[in-house]
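A.B. asks: final18.cif is reproduced below (mmCIF, C-alpha atoms and all ligand atoms).
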```
data_structure
loop_
_atom_site.group_PDB
_atom_site.id
_atom_site.type_symbol
_atom_site.label_atom_id
_atom_site.label_comp_id
_atom_site.auth_asym_id
_atom_site.auth_seq_id
_atom_site.Cartn_x
_atom_site.Cartn_y
_atom_site.Cartn_z
ATOM 1 C CA MET A 1 -14.626 7.044 4.327
ATOM 2 C CA THR A 2 -16.090 4.508 1.930
ATOM 3 C CA ASP A 3 -17.520 1.184 2.961
ATOM 4 C CA ARG A 4 -15.147 -1.707 2.976
ATOM 5 C CA LEU A 5 -14.652 -3.445 -0.355
ATOM 6 C CA THR A 6 -14.276 -7.126 -1.063
ATOM 7 C CA LEU A 7 -10.672 -8.199 -1.484
ATOM 8 C CA ASP A 8 -11.328 -8.738 -5.204
ATOM 9 C CA ASP A 9 -12.679 -5.228 -5.757
ATOM 10 C CA ALA A 10 -9.893 -3.687 -3.694
ATOM 11 C CA LEU A 11 -7.298 -5.572 -5.750
ATOM 12 C CA THR A 12 -8.880 -4.378 -8.984
ATOM 13 C CA ALA A 13 -8.866 -0.763 -7.801
ATOM 14 C CA GLY A 14 -5.329 -0.955 -6.431
ATOM 15 C CA LEU A 15 -3.882 -2.579 -9.547
ATOM 16 C CA ARG A 16 -5.574 -0.027 -11.788
ATOM 17 C CA TRP A 17 -4.093 2.686 -9.605
ATOM 18 C CA LEU A 18 -0.581 1.204 -9.588
ATOM 19 C CA TYR A 19 -0.356 0.470 -13.303
ATOM 20 C CA GLU A 20 -2.805 2.638 -15.226
ATOM 21 C CA THR A 21 -3.174 5.833 -13.238
ATOM 22 C CA GLU A 22 -1.215 8.926 -14.144
ATOM 23 C CA GLN A 23 -0.203 11.069 -11.180
ATOM 24 C CA PRO A 24 -0.123 14.816 -11.909
ATOM 25 C CA GLY A 25 3.352 16.231 -12.361
ATOM 26 C CA ASP A 26 2.820 18.549 -9.379
ATOM 27 C CA ALA A 27 1.622 15.838 -6.951
ATOM 28 C CA TRP A 28 3.560 13.770 -4.446
ATOM 29 C CA MET A 29 2.872 10.856 -2.133
ATOM 30 C CA GLN A 30 4.746 9.314 0.711
ATOM 31 C CA HIS A 31 6.579 6.045 0.090
ATOM 32 C CA HIS A 32 4.383 3.759 2.235
ATOM 33 C CA GLY A 33 1.773 3.727 -0.512
ATOM 34 C CA GLN A 34 -2.006 3.720 -0.338
ATOM 35 C CA GLN A 35 -4.343 1.644 1.812
ATOM 36 C CA ILE A 36 -7.775 0.226 0.974
ATOM 37 C CA ARG A 37 -9.939 -1.258 3.726
ATOM 38 C CA VAL A 38 -11.492 -4.609 2.880
ATOM 39 C CA THR A 39 -14.039 -6.875 4.537
ATOM 40 C CA GLY A 40 -13.033 -9.360 7.222
ATOM 41 C CA ASN A 41 -10.827 -7.079 9.359
ATOM 42 C CA ARG A 42 -8.275 -6.594 6.600
ATOM 43 C CA TYR A 43 -6.714 -3.817 4.561
ATOM 44 C CA LEU A 44 -4.525 -3.890 1.469
ATOM 45 C CA SER A 45 -1.550 -1.602 0.884
ATOM 46 C CA PHE A 46 -0.292 -0.739 -2.594
ATOM 47 C CA THR A 47 3.249 0.604 -2.738
ATOM 48 C CA PRO A 48 4.661 1.674 -6.140
ATOM 49 C CA THR A 49 8.252 1.624 -4.885
ATOM 50 C CA GLY A 50 8.659 -1.152 -2.329
ATOM 51 C CA ALA A 51 11.554 -3.590 -2.123
ATOM 52 C CA ASP A 52 14.064 -2.927 -4.951
ATOM 53 C CA ASP A 53 11.839 0.007 -6.017
ATOM 54 C CA LEU A 54 9.256 -2.406 -7.472
ATOM 55 C CA PRO A 55 5.571 -2.625 -6.507
ATOM 56 C CA VAL A 56 4.579 -4.432 -3.315
ATOM 57 C CA ILE A 57 1.018 -5.370 -2.332
ATOM 58 C CA THR A 58 0.444 -6.203 1.335
ATOM 59 C CA VAL A 59 -2.527 -7.793 3.096
ATOM 60 C CA ASN A 60 -2.824 -6.728 6.733
ATOM 61 C CA VAL A 61 -4.993 -7.439 9.758
ATOM 62 C CA SER A 62 -6.759 -4.151 10.546
ATOM 63 C CA ARG A 63 -7.174 -4.685 14.280
ATOM 64 C CA SER A 64 -4.829 -7.177 15.922
ATOM 65 C CA LYS A 65 -5.817 -8.955 19.120
ATOM 66 C CA TRP A 66 -2.619 -9.298 21.086
ATOM 67 C CA THR A 67 -2.091 -12.301 23.308
ATOM 68 C CA LYS A 68 0.781 -14.200 24.961
ATOM 69 C CA ASP A 69 2.246 -17.433 23.694
ATOM 70 C CA PRO A 70 3.214 -20.288 26.105
ATOM 71 C CA HIS A 71 6.620 -18.635 26.629
ATOM 72 C CA GLY A 72 5.080 -15.332 27.654
ATOM 73 C CA TYR A 73 5.891 -13.490 24.420
ATOM 74 C CA VAL A 74 3.291 -11.089 23.072
ATOM 75 C CA VAL A 75 2.001 -12.369 19.721
ATOM 76 C CA THR A 76 -0.993 -11.614 17.548
ATOM 77 C CA GLY A 77 -3.997 -13.756 18.412
ATOM 78 C CA ASN A 78 -5.721 -13.226 15.053
ATOM 79 C CA PRO A 79 -2.987 -13.597 12.416
ATOM 80 C CA LEU A 80 -3.514 -14.087 8.692
ATOM 81 C CA ALA A 81 -4.826 -17.534 7.770
ATOM 82 C CA PRO A 82 -2.086 -19.967 6.664
ATOM 83 C CA ASP A 83 -3.272 -19.858 3.042
ATOM 84 C CA GLU A 84 -4.016 -16.132 2.894
ATOM 85 C CA LEU A 85 -0.713 -14.852 1.509
ATOM 86 C CA PRO A 86 -0.322 -17.759 -0.973
ATOM 87 C CA ARG A 87 -3.881 -17.128 -2.199
ATOM 88 C CA LEU A 88 -3.129 -13.437 -2.745
ATOM 89 C CA ALA A 89 -0.002 -14.350 -4.724
ATOM 90 C CA ASP A 90 -1.984 -16.893 -6.800
ATOM 91 C CA GLU A 91 -4.706 -14.361 -7.512
ATOM 92 C CA LEU A 92 -2.149 -11.827 -8.732
ATOM 93 C CA GLU A 93 -0.522 -14.440 -10.988
ATOM 94 C CA GLN A 94 -3.945 -15.354 -12.392
ATOM 95 C CA ARG A 95 -4.528 -11.690 -13.189
ATOM 96 C CA GLY A 96 -1.312 -11.671 -15.183
ATOM 97 C CA PHE A 97 1.010 -10.061 -12.650
ATOM 98 C CA ALA A 98 4.138 -12.169 -12.175
ATOM 99 C CA VAL A 99 5.167 -12.510 -8.528
ATOM 100 C CA ARG A 100 8.787 -11.859 -7.635
ATOM 101 C CA SER A 101 8.737 -12.815 -3.973
ATOM 102 C CA THR A 102 6.545 -12.999 -0.872
ATOM 103 C CA TRP A 103 7.342 -11.976 2.708
ATOM 104 C CA ASN A 104 5.821 -12.736 6.123
ATOM 105 C CA GLY A 105 2.286 -14.195 6.144
ATOM 106 C CA PHE A 106 1.005 -16.656 8.776
ATOM 107 C CA PRO A 107 1.627 -16.554 11.733
ATOM 108 C CA ALA A 108 2.187 -12.799 11.267
ATOM 109 C CA ASP A 109 -0.594 -10.217 10.900
ATOM 110 C CA THR A 110 0.813 -8.978 7.584
ATOM 111 C CA GLY A 111 1.968 -10.555 4.325
ATOM 112 C CA SER A 112 3.530 -8.961 1.242
ATOM 113 C CA VAL A 113 3.748 -9.854 -2.423
ATOM 114 C CA GLY A 114 6.446 -8.259 -4.585
ATOM 115 C CA LEU A 115 5.588 -7.886 -8.268
ATOM 116 C CA VAL A 116 7.891 -8.025 -11.285
ATOM 117 C CA ARG A 117 6.319 -5.309 -13.420
ATOM 118 C CA PRO A 118 7.282 -1.734 -12.460
ATOM 119 C CA ALA A 119 4.496 0.680 -11.531
ATOM 120 C CA HIS A 120 3.326 3.468 -13.848
ATOM 121 C CA PRO A 121 6.313 5.842 -14.194
ATOM 122 C CA SER A 122 4.256 8.774 -12.888
ATOM 123 C CA GLN A 123 3.586 6.840 -9.646
ATOM 124 C CA VAL A 124 7.299 6.370 -9.130
ATOM 125 C CA ALA A 125 7.947 10.018 -10.009
ATOM 126 C CA ALA A 126 5.392 11.159 -7.405
ATOM 127 C CA VAL A 127 7.166 9.176 -4.686
ATOM 128 C CA ASN A 128 10.499 10.617 -5.807
ATOM 129 C CA ARG A 129 9.093 14.150 -5.539
ATOM 130 C CA TYR A 130 8.070 13.321 -1.968
ATOM 131 C CA ARG A 131 11.554 12.041 -1.185
ATOM 132 C CA ALA A 132 13.030 15.277 -2.541
ATOM 133 C CA GLY A 133 11.068 17.199 0.131
ATOM 134 C CA CYS A 134 9.536 20.654 0.108
ATOM 135 C CA GLN A 135 11.109 22.736 -2.659
ATOM 136 C CA GLU A 136 10.118 26.044 -1.001
ATOM 137 C CA HIS A 137 11.675 25.081 2.332
ATOM 138 C CA PRO A 138 14.467 22.635 1.517
ATOM 139 C CA GLY A 139 15.730 22.597 5.102
ATOM 140 C CA ARG A 140 12.468 21.071 6.316
ATOM 141 C CA ARG A 141 12.595 18.270 3.738
ATOM 142 C CA VAL A 142 9.566 15.924 3.955
ATOM 143 C CA PHE A 143 8.629 17.297 7.397
ATOM 144 C CA CYS A 144 7.505 20.676 6.099
ATOM 145 C CA GLU A 145 4.026 21.818 7.143
ATOM 146 C CA CYS A 146 3.513 24.697 4.712
ATOM 147 C CA ASP A 147 0.463 24.964 2.435
ATOM 148 C CA ALA A 148 2.442 24.339 -0.747
ATOM 149 C CA TRP A 149 3.823 21.067 0.598
ATOM 150 C CA HIS A 150 0.403 19.970 1.832
ATOM 151 C CA ALA A 151 -1.206 20.804 -1.528
ATOM 152 C CA GLY A 152 1.021 18.332 -3.380
ATOM 153 C CA PHE A 153 -0.452 15.442 -1.367
ATOM 154 C CA VAL A 154 -3.987 16.645 -2.047
ATOM 155 C CA ARG A 155 -3.325 16.659 -5.814
ATOM 156 C CA ALA A 156 -2.271 12.976 -5.803
ATOM 157 C CA VAL A 157 -4.870 10.601 -7.269
ATOM 158 C CA ARG A 158 -5.890 7.915 -4.755
ATOM 159 C CA PRO A 159 -7.134 4.400 -5.545
ATOM 160 C CA LEU A 160 -10.583 4.912 -4.052
ATOM 161 C CA ALA A 161 -11.145 7.906 -6.305
ATOM 162 C CA LEU A 162 -11.167 5.394 -9.196
ATOM 163 C CA ILE A 163 -14.098 3.354 -7.871
ATOM 164 C CA PRO A 164 -17.483 4.351 -9.314
ATOM 165 C CA ALA A 165 -19.917 5.418 -6.600
HETATM 166 ZN ZN ZN A 201 7.378 24.067 2.724
#
```
Now, as a test, write the supplied structure out as structure tokens.
Ligand SMILES: [Zn+2]

C.D. replies:
Amino acid sequence: MTDRLTLDDALTAGLRWLYETEQPGDAWMQHHGQQIRVTGNRYLSFTPTGADDLPVITVNVSRSKWTKDPHGYVVTGNPLAPDELPRLADELEQRGFAVRSTWNGFPADTGSVGLVRPAHPSQVAAVNRYRAGCQEHPGRRVFCECDAWHAGFVRAVRPLALIPA
């Protein structure tokens, strides 16, 4: 596992992956996207096909500290900062990526930004190959455990592979 990146570096790597990286035609990836750990107890997720099949970038608390609110409900004691999701959306806009919508954010431990521009077509195709399931064992769909199914995940290019050592 690599060291944690700054949020800026993780965003750069994730955006390059989403928009400029060609997935091999024989690779597949599950639909929850790829995660990059960042400093400050956070990780970013990059999903090529999120809401409405458009890219979604999510900032998440890595380790939540659960607590109880005055009514006795279990809530996160270390949520995102109030300005954290808006700042992520602003940063994406400044980098030239129009924001479609945002979800969650403070007082939750996760916040998502939906982008207007579709991901690289090969990223979407790789997710669609995952959704189609194992071609050698169609009955097992995405739950297959054979070597051929496993190998497709290994062939997928991941965001951290794009970061120079
Ligand atoms: Zn199989």

A.B. asks: If you count all atoms listed in the file, which residues end up within 10 Å of ligand ZN 201 (chain A), as a tab-separated table (two decimals) with C-alpha atoms, in the frame of the given file?

C.D. replies:
```tsv
chain	number	residue	atom	x	y	z
A	133	GLY	CA	11.07	17.20	0.13
A	134	CYS	CA	9.54	20.65	0.11
A	135	GLN	CA	11.11	22.74	-2.66
A	136	GLU	CA	10.12	26.04	-1.00
A	137	HIS	CA	11.68	25.08	2.33
A	138	PRO	CA	14.47	22.64	1.52
A	139	GLY	CA	15.73	22.60	5.10
A	140	ARG	CA	12.47	21.07	6.32
A	141	ARG	CA	12.60	18.27	3.74
A	142	VAL	CA	9.57	15.92	3.96
A	143	PHE	CA	8.63	17.30	7.40
A	144	CYS	CA	7.50	20.68	6.10
A	145	GLU	CA	4.03	21.82	7.14
A	146	CYS	CA	3.51	24.70	4.71
A	147	ASP	CA	0.46	24.96	2.44
A	148	ALA	CA	2.44	24.34	-0.75
A	149	TRP	CA	3.82	21.07	0.60
A	150	HIS	CA	0.40	19.97	1.83
```

A.B. asks: For a quick check of your reading of the model, name the residues lying within 6 Å of the coordinate (-10.1, -7.2, 9.1), counting all atoms listed in the file, and write them as number ranges by chain.

C.D. replies: A: 40-42, 61-62

A.B. asks: Could you name the residues that touch Gly33 (chain A) at 7 Å or less, counting all atoms listed in the file, but leaving out those on the same chain fewer than 6 positions away, as a PyMOL selection string?

C.D. replies: chain A and resi 45-48

A.B. asks: Provide the CA of Leu92 (chain A) to CA of Asp52 (chain A) distance in Å, to one decimal place.

C.D. replies: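 It comes out at 18.9 Å.
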
A.B. asks: From the list A:Trp103, A:Trp17, A:Trp28, A:Tyr73, which residue is nearest Val59 (chain A) when using only C-alpha atoms?

C.D. replies: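 Using only C-alpha atoms, the shortest distance to Val59 (chain A) belongs to A:Trp103.
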
A.B. asks: Calculate how many Å separate CA of Gln23 (chain A) from CA of Ala151 (chain A), rounding to one decimal.

C.D. replies: 13.7 Å

A.B. asks: Would you kindly return, as an mmCIF file with C-alpha atoms, in the frame of the given file, each protein, DNA or RNA residue with an atom no farther than 10 Å from any atom of region 113-118 of chain A, considering only C-alpha atoms and excluding same-chain residues fewer than 6 positions away?

C.D. replies:
```cif
data_model
loop_
_atom_site.group_PDB
_atom_site.id
_atom_site.type_symbol
_atom_site.label_atom_id
_atom_site.label_comp_id
_atom_site.auth_asym_id
_atom_site.auth_seq_id
_atom_site.Cartn_x
_atom_site.Cartn_y
_atom_site.Cartn_z
ATOM 1 C CA LEU A 18 -0.581 1.204 -9.588
ATOM 2 C CA TYR A 19 -0.356 0.470 -13.303
ATOM 3 C CA PHE A 46 -0.292 -0.739 -2.594
ATOM 4 C CA THR A 47 3.249 0.604 -2.738
ATOM 5 C CA PRO A 48 4.661 1.674 -6.140
ATOM 6 C CA THR A 49 8.252 1.624 -4.885
ATOM 7 C CA GLY A 50 8.659 -1.152 -2.329
ATOM 8 C CA ALA A 51 11.554 -3.590 -2.123
ATOM 9 C CA ASP A 52 14.064 -2.927 -4.951
ATOM 10 C CA ASP A 53 11.839 0.007 -6.017
ATOM 11 C CA LEU A 54 9.256 -2.406 -7.472
ATOM 12 C CA PRO A 55 5.571 -2.625 -6.507
ATOM 13 C CA VAL A 56 4.579 -4.432 -3.315
ATOM 14 C CA ILE A 57 1.018 -5.370 -2.332
ATOM 15 C CA THR A 58 0.444 -6.203 1.335
ATOM 16 C CA VAL A 59 -2.527 -7.793 3.096
ATOM 17 C CA LEU A 85 -0.713 -14.852 1.509
ATOM 18 C CA PRO A 86 -0.322 -17.759 -0.973
ATOM 19 C CA LEU A 88 -3.129 -13.437 -2.745
ATOM 20 C CA ALA A 89 -0.002 -14.350 -4.724
ATOM 21 C CA LEU A 92 -2.149 -11.827 -8.732
ATOM 22 C CA GLU A 93 -0.522 -14.440 -10.988
ATOM 23 C CA PHE A 97 1.010 -10.061 -12.650
ATOM 24 C CA ALA A 98 4.138 -12.169 -12.175
ATOM 25 C CA VAL A 99 5.167 -12.510 -8.528
ATOM 26 C CA ARG A 100 8.787 -11.859 -7.635
ATOM 27 C CA SER A 101 8.737 -12.815 -3.973
ATOM 28 C CA THR A 102 6.545 -12.999 -0.872
ATOM 29 C CA TRP A 103 7.342 -11.976 2.708
ATOM 30 C CA ASN A 104 5.821 -12.736 6.123
ATOM 31 C CA GLY A 105 2.286 -14.195 6.144
ATOM 32 C CA VAL A 124 7.299 6.370 -9.130
#
```

A.B. asks: Closest to His32 (chain A) among A:Arg131, A:Arg95, A:His120, A:Arg4, using all atoms listed in the file?

C.D. replies: A:Arg131

A.B. asks: May I ask which of the residues A:Gly111, A:Arg87, A:Ala132, A:Ala126 is the closest one to Val157 (chain A), counting only C-alpha atoms?

C.D. replies: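 Nearest to Val157 (chain A): A:Ala126.
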
A.B. asks: Could you pull the residues within 12 Å of Ala161 (chain A), counting all atoms listed in the file, minus those fewer than 6 positions along the same chain, as a list in words?

C.D. replies: Met1, Thr2, Ala10, Ala13, Gly14, Arg16, Trp17, Thr21, Gln34, Ile36 and Arg155 of chain A

A.B. asks: Restricting the output to C-alpha atoms, write the selected residues as an mmCIF file, in the coordinates of the input.

C.D. replies:
```cif
data_model
loop_
_atom_site.group_PDB
_atom_site.id
_atom_site.type_symbol
_atom_site.label_atom_id
_atom_site.label_comp_id
_atom_site.auth_asym_id
_atom_site.auth_seq_id
_atom_site.Cartn_x
_atom_site.Cartn_y
_atom_site.Cartn_z
ATOM 1 C CA MET A 1 -14.626 7.044 4.327
ATOM 2 C CA THR A 2 -16.090 4.508 1.930
ATOM 3 C CA ALA A 10 -9.893 -3.687 -3.694
ATOM 4 C CA ALA A 13 -8.866 -0.763 -7.801
ATOM 5 C CA GLY A 14 -5.329 -0.955 -6.431
ATOM 6 C CA ARG A 16 -5.574 -0.027 -11.788
ATOM 7 C CA TRP A 17 -4.093 2.686 -9.605
ATOM 8 C CA THR A 21 -3.174 5.833 -13.238
ATOM 9 C CA GLN A 34 -2.006 3.720 -0.338
ATOM 10 C CA ILE A 36 -7.775 0.226 0.974
ATOM 11 C CA ARG A 155 -3.325 16.659 -5.814
#
```

A.B. asks: Report the distance between CA of Leu7 (chain A) and CA of Thr67 (chain A) in Å, rounded to one decimal place.

C.D. replies: 26.6 Å

A.B. asks: What's the 12 Å shell around Lys68 (chain A), counting all atoms listed in the file, without same-chain residues fewer than 5 positions away, as a ChimeraX atom specification?

C.D. replies: /A:73-78

A.B. asks: Could you please give me, as a PDB file with C-alpha atoms, in the frame of the given file, the residues of protein, DNA or RNA lying at most 8 Å from (-12.2, -2.7, -0.3) in the coordinate frame of the file, considering all atoms listed in the file?

C.D. replies:
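What follows is the written file point_24.pdb:
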```
ATOM      1  CA  ASP A   3     -17.520   1.184   2.961  1.00  0.00           C
ATOM      2  CA  ARG A   4     -15.147  -1.707   2.976  1.00  0.00           C
ATOM      3  CA  LEU A   5     -14.652  -3.445  -0.355  1.00  0.00           C
ATOM      4  CA  THR A   6     -14.276  -7.126  -1.063  1.00  0.00           C
ATOM      5  CA  LEU A   7     -10.672  -8.199  -1.484  1.00  0.00           C
ATOM      6  CA  ASP A   8     -11.328  -8.738  -5.204  1.00  0.00           C
ATOM      7  CA  ASP A   9     -12.679  -5.228  -5.757  1.00  0.00           C
ATOM      8  CA  ALA A  10      -9.893  -3.687  -3.694  1.00  0.00           C
ATOM      9  CA  LEU A  11      -7.298  -5.572  -5.750  1.00  0.00           C
ATOM     10  CA  ILE A  36      -7.775   0.226   0.974  1.00  0.00           C
ATOM     11  CA  ARG A  37      -9.939  -1.258   3.726  1.00  0.00           C
ATOM     12  CA  VAL A  38     -11.492  -4.609   2.880  1.00  0.00           C
ATOM     13  CA  THR A  39     -14.039  -6.875   4.537  1.00  0.00           C
ATOM     14  CA  TYR A  43      -6.714  -3.817   4.561  1.00  0.00           C
ATOM     15  CA  LEU A  44      -4.525  -3.890   1.469  1.00  0.00           C
TER      16      LEU A  44
END
```

A.B. asks: I need the residue nearest Glu91 (chain A) from this list: A:Asn60, A:Gln30, A:Thr12, A:Gln123. Use all atoms listed in the file for the distance.

C.D. replies: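 For Glu91 (chain A), the nearest of the candidates is A:Thr12.
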
A.B. asks: Might you pull out every residue within 9 Å of Phe106 (chain A), with only C-alpha atoms counted and same-chain residues fewer than 3 positions away left off, and present them as a list in words?

C.D. replies: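 So the residues in contact are Pro79, Leu80, Ala81, Pro82, Asp83, Glu84, Leu85, Asp109, Thr110 and Gly111 of chain A.
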
A.B. asks: Would you mind telling me which residue in A:Pro159, A:Pro107, A:Pro121, A:Gly152 lies nearest to Met29 (chain A) when using all atoms listed in the file?

C.D. replies: A:Gly152

A.B. asks: Once 5 Å is added on each side, what are the centre and the three edge lengths, in Å to one decimal, of the axis-aligned box enclosing the listed atoms of region 64-69 of chain A? Present them as AutoDock Vina command-line options.

C.D. replies:
```
--center_x -1.8 --center_y -12.3 --center_z 20.4 --size_x 18.1 --size_y 20.3 --size_z 19.0
```

A.B. asks: Starting from the incomplete input, reconstruct N, CA and C atoms of region 23-53 of chain A and write that as an mmCIF file, in the frame of the given file.

C.D. replies:
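Once written, out-v8.cif looks like this:
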```
data_model
loop_
_atom_site.group_PDB
_atom_site.id
_atom_site.type_symbol
_atom_site.label_atom_id
_atom_site.label_comp_id
_atom_site.auth_asym_id
_atom_site.auth_seq_id
_atom_site.Cartn_x
_atom_site.Cartn_y
_atom_site.Cartn_z
ATOM 1 N N GLN A 23 -0.236 10.049 -12.236
ATOM 2 C CA GLN A 23 -0.203 11.069 -11.180
ATOM 3 C C GLN A 23 0.166 12.413 -11.809
ATOM 4 N N PRO A 24 -0.494 13.496 -11.386
ATOM 5 C CA PRO A 24 -0.123 14.816 -11.909
ATOM 6 C C PRO A 24 1.347 15.123 -11.625
ATOM 7 N N GLY A 25 1.938 15.904 -12.509
ATOM 8 C CA GLY A 25 3.352 16.231 -12.361
ATOM 9 C C GLY A 25 3.660 17.118 -11.166
ATOM 10 N N ASP A 26 2.610 17.681 -10.545
ATOM 11 C CA ASP A 26 2.820 18.549 -9.379
ATOM 12 C C ASP A 26 2.242 17.906 -8.113
ATOM 13 N N ALA A 27 2.125 16.563 -8.128
ATOM 14 C CA ALA A 27 1.622 15.838 -6.951
ATOM 15 C C ALA A 27 2.740 14.988 -6.367
ATOM 16 N N TRP A 28 2.627 14.709 -5.065
ATOM 17 C CA TRP A 28 3.560 13.770 -4.446
ATOM 18 C C TRP A 28 2.851 12.936 -3.398
ATOM 19 N N MET A 29 3.452 11.790 -3.109
ATOM 20 C CA MET A 29 2.872 10.856 -2.133
ATOM 21 C C MET A 29 3.995 10.207 -1.367
ATOM 22 N N GLN A 30 3.709 9.940 -0.094
ATOM 23 C CA GLN A 30 4.746 9.314 0.711
ATOM 24 C C GLN A 30 4.948 7.854 0.273
ATOM 25 N N HIS A 31 6.100 7.300 0.664
ATOM 26 C CA HIS A 31 6.579 6.045 0.090
ATOM 27 C C HIS A 31 5.903 4.807 0.664
ATOM 28 N N HIS A 32 5.039 4.951 1.689
ATOM 29 C CA HIS A 32 4.383 3.759 2.235
ATOM 30 C C HIS A 32 3.176 3.350 1.402
ATOM 31 N N GLY A 33 2.838 4.117 0.399
ATOM 32 C CA GLY A 33 1.773 3.727 -0.512
ATOM 33 C C GLY A 33 0.386 4.043 0.016
ATOM 34 N N GLN A 34 -0.598 3.423 -0.606
ATOM 35 C CA GLN A 34 -2.006 3.720 -0.338
ATOM 36 C C GLN A 34 -2.696 2.495 0.236
ATOM 37 N N GLN A 35 -3.631 2.740 1.156
ATOM 38 C CA GLN A 35 -4.343 1.644 1.812
ATOM 39 C C GLN A 35 -5.811 1.615 1.372
ATOM 40 N N ILE A 36 -6.343 0.417 1.232
ATOM 41 C CA ILE A 36 -7.775 0.226 0.974
ATOM 42 C C ILE A 36 -8.306 -0.771 1.997
ATOM 43 N N ARG A 37 -9.335 -0.362 2.747
ATOM 44 C CA ARG A 37 -9.939 -1.258 3.726
ATOM 45 C C ARG A 37 -10.775 -2.310 3.007
ATOM 46 N N VAL A 38 -10.689 -3.545 3.475
ATOM 47 C CA VAL A 38 -11.492 -4.609 2.880
ATOM 48 C C VAL A 38 -12.248 -5.332 3.994
ATOM 49 N N THR A 39 -13.215 -6.145 3.578
ATOM 50 C CA THR A 39 -14.039 -6.875 4.537
ATOM 51 C C THR A 39 -13.181 -7.871 5.317
ATOM 52 N N GLY A 40 -13.705 -8.313 6.464
ATOM 53 C CA GLY A 40 -13.033 -9.360 7.222
ATOM 54 C C GLY A 40 -11.856 -8.870 8.032
ATOM 55 N N ASN A 41 -11.907 -7.593 8.503
ATOM 56 C CA ASN A 41 -10.827 -7.079 9.359
ATOM 57 C C ASN A 41 -9.478 -7.070 8.641
ATOM 58 N N ARG A 42 -9.497 -6.646 7.400
ATOM 59 C CA ARG A 42 -8.275 -6.594 6.600
ATOM 60 C C ARG A 42 -8.164 -5.248 5.889
ATOM 61 N N TYR A 43 -6.915 -4.880 5.546
ATOM 62 C CA TYR A 43 -6.714 -3.817 4.561
ATOM 63 C C TYR A 43 -5.559 -4.196 3.653
ATOM 64 N N LEU A 44 -5.606 -3.676 2.436
ATOM 65 C CA LEU A 44 -4.525 -3.890 1.469
ATOM 66 C C LEU A 44 -3.726 -2.604 1.342
ATOM 67 N N SER A 45 -2.406 -2.748 1.191
ATOM 68 C CA SER A 45 -1.550 -1.602 0.884
ATOM 69 C C SER A 45 -0.945 -1.813 -0.497
ATOM 70 N N PHE A 46 -0.891 -0.725 -1.257
ATOM 71 C CA PHE A 46 -0.292 -0.739 -2.594
ATOM 72 C C PHE A 46 0.856 0.259 -2.602
ATOM 73 N N THR A 47 2.061 -0.238 -2.787
ATOM 74 C CA THR A 47 3.249 0.604 -2.738
ATOM 75 C C THR A 47 3.940 0.563 -4.104
ATOM 76 N N PRO A 48 4.009 1.697 -4.818
ATOM 77 C CA PRO A 48 4.661 1.674 -6.140
ATOM 78 C C PRO A 48 6.141 1.347 -6.057
ATOM 79 N N THR A 49 6.797 1.778 -4.991
ATOM 80 C CA THR A 49 8.252 1.624 -4.885
ATOM 81 C C THR A 49 8.587 0.934 -3.572
ATOM 82 N N GLY A 50 8.315 -0.377 -3.518
ATOM 83 C CA GLY A 50 8.659 -1.152 -2.329
ATOM 84 C C GLY A 50 10.063 -1.707 -2.452
ATOM 85 N N ALA A 51 10.232 -2.963 -2.065
ATOM 86 C CA ALA A 51 11.554 -3.590 -2.123
ATOM 87 C C ALA A 51 12.106 -3.476 -3.544
ATOM 88 N N ASP A 52 13.391 -3.103 -3.654
ATOM 89 C CA ASP A 52 14.064 -2.927 -4.951
ATOM 90 C C ASP A 52 13.339 -1.942 -5.860
ATOM 91 N N ASP A 53 12.571 -1.016 -5.257
ATOM 92 C CA ASP A 53 11.839 0.007 -6.017
ATOM 93 C C ASP A 53 10.805 -0.583 -6.965
#
```
